[in-house]
Amino acid sequence: MHELIAGRWSARGYDPAATISVTDLETIVDAGRWAPTWGRMQPVRFVVGRRGDETFEALTGVLTRGNAGWAPRSAALVLVCTTDRPDDPKEHTYAAVDVGLAVSQMILQAGALGFNGHPMAGFDAAAATEAFDIPDGRRPLVLLGIGALAEDAASLPEDIRERDERPRTRLPLDEVAFAGQWGHAAFPAPEM
């Protein structure tokens, strides 16, 4: 597995003094733009804020309690939106898939540039829609924090440090990838 994927994690312990250049942020957002898209729809749109600008401040204002403590330490926040067509289940579903693909590519590009990307669902979508005049037929789906990790973990608030120090785990592959029929491992664990 590529080191960018193997080493990816959603950190919270960002350096509140770290900045991101316009060029690096543009490159990260452009990586999202180039993500695969169903039926060439290209439904994904971005609201981009760098710490210190009005957009960033408005984005921090829509964070919910769980993210409001750490996400303002991000160097940038990107609200990722897509179409909102619940009357067309296929488009509604795949427009959300396109967001996932875009966010994933943005996270990997951020990692390649030395930043960490943390996707969040913990924001008030209605407030974001109002704050940015997001038109009918569009929905904000993910808020992505992009930041540089704090060099000194001891300088972080205790709750952030504790969460970042938790081991990163995933279910074993033989419990999530099946072949033949559901529950039969595609890649059985080696026998000991």
# chains A, B, ... in the order shown; residues from 1 in each chain; ligands from 1
$ select_by_dssp --residues "range 83-135 of chain A" --states "alpha helix (DSSP H)" --output "MDAnalysis selection string"
chainID A and resid 89:112 125:131
$ write_last_selection --atoms "N, CA and C atoms" --output "CSV table (one decimal), in the first residue's frame"
chain,number,residue,atom,x,y,z
A,89,PRO,N,-32.9,9.3,-7.0
A,89,PRO,CA,-32.1,8.5,-6.1
A,89,PRO,C,-30.7,8.2,-6.6
A,90,LYS,N,-30.6,7.9,-7.9
A,90,LYS,CA,-29.3,7.5,-8.5
A,90,LYS,C,-28.4,8.7,-8.5
A,91,GLU,N,-28.9,9.8,-9.0
A,91,GLU,CA,-28.0,11.0,-9.0
A,91,GLU,C,-27.7,11.5,-7.5
A,92,HIS,N,-28.7,11.4,-6.6
A,92,HIS,CA,-28.4,11.8,-5.2
A,92,HIS,C,-27.3,10.9,-4.6
A,93,THR,N,-27.4,9.6,-4.9
A,93,THR,CA,-26.4,8.7,-4.3
A,93,THR,C,-25.0,9.0,-4.9
A,94,TYR,N,-24.9,9.0,-6.2
A,94,TYR,CA,-23.6,9.1,-6.9
A,94,TYR,C,-23.0,10.5,-6.7
A,95,ALA,N,-23.8,11.5,-6.6
A,95,ALA,CA,-23.3,12.8,-6.3
A,95,ALA,C,-22.5,12.8,-4.9
A,96,ALA,N,-23.1,12.0,-4.0
A,96,ALA,CA,-22.4,11.9,-2.7
A,96,ALA,C,-21.2,11.1,-2.8
A,97,VAL,N,-21.2,10.0,-3.6
A,97,VAL,CA,-20.0,9.2,-3.9
A,97,VAL,C,-18.9,10.1,-4.5
A,98,ASP,N,-19.3,11.0,-5.4
A,98,ASP,CA,-18.3,11.9,-6.0
A,98,ASP,C,-17.6,12.8,-4.9
A,99,VAL,N,-18.4,13.2,-3.9
A,99,VAL,CA,-17.8,14.0,-2.8
A,99,VAL,C,-16.8,13.2,-2.1
A,100,GLY,N,-17.1,11.9,-1.8
A,100,GLY,CA,-16.2,11.1,-1.1
A,100,GLY,C,-14.9,10.9,-1.9
A,101,LEU,N,-15.0,10.7,-3.2
A,101,LEU,CA,-13.8,10.6,-4.0
A,101,LEU,C,-13.0,11.9,-4.0
A,102,ALA,N,-13.6,13.0,-4.1
A,102,ALA,CA,-12.9,14.3,-4.1
A,102,ALA,C,-12.2,14.5,-2.8
A,103,VAL,N,-12.9,14.3,-1.7
A,103,VAL,CA,-12.3,14.5,-0.4
A,103,VAL,C,-11.1,13.6,-0.2
A,104,SER,N,-11.2,12.3,-0.6
A,104,SER,CA,-10.1,11.4,-0.5
A,104,SER,C,-8.9,11.9,-1.2
A,105,GLN,N,-9.1,12.3,-2.5
A,105,GLN,CA,-8.0,12.8,-3.2
A,105,GLN,C,-7.4,14.0,-2.6
A,106,MET,N,-8.2,14.9,-2.1
A,106,MET,CA,-7.7,16.1,-1.4
A,106,MET,C,-6.9,15.7,-0.2
A,107,ILE,N,-7.3,14.8,0.6
A,107,ILE,CA,-6.6,14.3,1.7
A,107,ILE,C,-5.2,13.8,1.3
A,108,LEU,N,-5.2,13.0,0.3
A,108,LEU,CA,-3.9,12.4,-0.2
A,108,LEU,C,-3.0,13.5,-0.7
A,109,GLN,N,-3.5,14.5,-1.4
A,109,GLN,CA,-2.7,15.6,-2.0
A,109,GLN,C,-2.2,16.4,-0.8
A,110,ALA,N,-3.0,16.7,0.2
A,110,ALA,CA,-2.5,17.4,1.4
A,110,ALA,C,-1.4,16.7,2.0
A,111,GLY,N,-1.5,15.3,2.2
A,111,GLY,CA,-0.4,14.5,2.7
A,111,GLY,C,0.9,14.6,1.9
A,112,ALA,N,0.7,14.6,0.6
A,112,ALA,CA,1.9,14.7,-0.3
A,112,ALA,C,2.6,16.1,-0.1
A,125,ALA,N,-25.1,22.1,8.5
A,125,ALA,CA,-25.3,22.3,7.0
A,125,ALA,C,-26.2,23.4,6.7
A,126,ALA,N,-27.3,23.6,7.5
A,126,ALA,CA,-28.3,24.7,7.2
A,126,ALA,C,-27.6,26.0,7.4
A,127,ALA,N,-26.8,26.1,8.5
A,127,ALA,CA,-26.1,27.4,8.7
A,127,ALA,C,-25.1,27.7,7.6
A,128,ALA,N,-24.4,26.6,7.1
A,128,ALA,CA,-23.4,26.8,6.0
A,128,ALA,C,-24.2,27.3,4.8
A,129,THR,N,-25.3,26.6,4.5
A,129,THR,CA,-26.1,27.0,3.3
A,129,THR,C,-26.5,28.5,3.4
A,130,GLU,N,-26.9,28.9,4.5
A,130,GLU,CA,-27.3,30.3,4.7
A,130,GLU,C,-26.1,31.3,4.6
A,131,ALA,N,-25.0,30.9,5.3
A,131,ALA,CA,-23.8,31.8,5.3
A,131,ALA,C,-23.2,32.0,4.0
$ residues_around --residues "Ala153 in chain A" --least-positions-apart "3" --cutoff "10 Å" --atoms "only C-alpha atoms" --output "list in words"
Gly13, Tyr14, Asp15, Leu149, Ala150, Leu156, Pro157, Glu158, Ile160, Arg161, Glu162, Asp164 and Glu165 of chain A
$ write_last_selection --atoms "all heavy atoms" --output "compact mmCIF listing (two decimals), in the first residue's frame"
# COMPACT_ATOMS: atom_id res chain seq x y z
N GLY A 13 -4.55 17.63 16.24
CA GLY A 13 -3.50 18.43 16.87
C GLY A 13 -2.73 19.27 15.88
O GLY A 13 -1.53 19.08 15.66
N TYR A 14 -3.43 20.24 15.31
CA TYR A 14 -2.79 21.12 14.34
C TYR A 14 -2.08 22.28 15.04
O TYR A 14 -2.47 22.72 16.11
CB TYR A 14 -3.82 21.69 13.38
CG TYR A 14 -4.41 20.69 12.41
CD1 TYR A 14 -5.64 20.94 11.82
CD2 TYR A 14 -3.77 19.50 12.08
CE1 TYR A 14 -6.20 20.05 10.92
CE2 TYR A 14 -4.32 18.61 11.20
CZ TYR A 14 -5.53 18.88 10.61
OH TYR A 14 -6.09 18.00 9.72
N ASP A 15 -1.05 22.77 14.37
CA ASP A 15 -0.31 23.94 14.83
C ASP A 15 -1.12 25.18 14.47
O ASP A 15 -1.31 25.48 13.29
CB ASP A 15 1.05 23.96 14.14
CG ASP A 15 1.90 25.16 14.50
OD1 ASP A 15 1.39 26.11 15.13
OD2 ASP A 15 3.08 25.16 14.13
N LEU A 149 0.65 19.47 11.47
CA LEU A 149 0.67 18.91 12.81
C LEU A 149 1.54 19.75 13.73
O LEU A 149 2.60 20.25 13.33
CB LEU A 149 1.20 17.48 12.78
CG LEU A 149 0.38 16.49 11.96
CD1 LEU A 149 1.05 15.11 11.99
CD2 LEU A 149 -1.04 16.39 12.48
N ALA A 150 1.08 19.91 14.96
CA ALA A 150 1.88 20.61 15.96
C ALA A 150 3.15 19.81 16.22
O ALA A 150 3.10 18.58 16.34
CB ALA A 150 1.08 20.78 17.25
N LEU A 156 -0.39 20.75 23.09
CA LEU A 156 -1.79 20.65 22.70
C LEU A 156 -2.69 20.52 23.91
O LEU A 156 -2.28 19.98 24.94
CB LEU A 156 -2.00 19.41 21.81
CG LEU A 156 -1.28 19.42 20.47
CD1 LEU A 156 -1.40 18.05 19.82
CD2 LEU A 156 -1.85 20.50 19.57
N PRO A 157 -3.94 20.96 23.80
CA PRO A 157 -4.90 20.71 24.88
C PRO A 157 -5.01 19.20 25.12
O PRO A 157 -4.91 18.40 24.19
CB PRO A 157 -6.21 21.28 24.34
CG PRO A 157 -5.79 22.28 23.31
CD PRO A 157 -4.52 21.76 22.72
N GLU A 158 -5.21 18.82 26.36
CA GLU A 158 -5.18 17.41 26.74
C GLU A 158 -6.16 16.56 25.94
O GLU A 158 -5.82 15.46 25.50
CB GLU A 158 -5.44 17.26 28.24
CG GLU A 158 -5.31 15.84 28.73
CD GLU A 158 -5.49 15.71 30.23
OE1 GLU A 158 -5.39 16.72 30.95
OE2 GLU A 158 -5.75 14.58 30.66
N ILE A 160 -7.35 16.98 22.93
CA ILE A 160 -6.88 16.80 21.56
C ILE A 160 -5.71 15.82 21.53
O ILE A 160 -5.66 14.91 20.70
CB ILE A 160 -6.48 18.16 20.93
CG1 ILE A 160 -7.73 19.02 20.74
CG2 ILE A 160 -5.75 17.96 19.61
CD1 ILE A 160 -7.44 20.43 20.29
N ARG A 161 -4.77 16.00 22.43
CA ARG A 161 -3.61 15.11 22.49
C ARG A 161 -4.05 13.66 22.72
O ARG A 161 -3.58 12.75 22.04
CB ARG A 161 -2.65 15.57 23.59
CG ARG A 161 -1.33 14.81 23.60
CD ARG A 161 -0.35 15.34 24.62
NE ARG A 161 -0.84 15.16 25.97
CZ ARG A 161 -1.24 16.15 26.77
NH1 ARG A 161 -1.19 17.39 26.35
NH2 ARG A 161 -1.67 15.90 27.99
N GLU A 162 -4.98 13.45 23.64
CA GLU A 162 -5.45 12.09 23.93
C GLU A 162 -6.10 11.45 22.70
O GLU A 162 -5.86 10.29 22.40
CB GLU A 162 -6.44 12.10 25.10
CG GLU A 162 -5.79 12.28 26.44
CD GLU A 162 -6.81 12.35 27.58
OE1 GLU A 162 -8.03 12.22 27.33
OE2 GLU A 162 -6.37 12.55 28.73
N ASP A 164 -5.59 12.20 19.53
CA ASP A 164 -4.59 11.96 18.49
C ASP A 164 -3.67 10.80 18.83
O ASP A 164 -3.09 10.18 17.93
CB ASP A 164 -3.76 13.22 18.23
CG ASP A 164 -4.44 14.18 17.26
OD1 ASP A 164 -5.59 13.90 16.85
OD2 ASP A 164 -3.82 15.20 16.93
N GLU A 165 -3.51 10.50 20.10
CA GLU A 165 -2.61 9.40 20.50
C GLU A 165 -3.29 8.03 20.46
O GLU A 165 -2.62 7.02 20.59
CB GLU A 165 -2.05 9.67 21.91
CG GLU A 165 -1.06 10.81 21.91
CD GLU A 165 -0.57 11.20 23.31
OE1 GLU A 165 -1.12 10.70 24.32
OE2 GLU A 165 0.37 12.01 23.38
$ closest_residue --among "A:Ile134, A:Ala68, A:Leu141, A:Val48" --to "Arg12 in chain A" --atoms "only C-alpha atoms"
A:Ala68
$ atom_distance --atom1 "CA of Val22 in chain A" --atom2 "CA of Trp38 in chain A"
28.9 Å
$ residues_around --residues "range 113-121 of chain A" --least-positions-apart "5" --cutoff "6 Å" --atoms "only C-alpha atoms" --output "VMD selection string"
chain A and resid 10 107 142 to 148
$ closest_residue --among "A:Ala17, A:Met41, A:Val29, A:Ala189" --to "Val80 in chain A" --atoms "only C-alpha atoms"
A:Val29
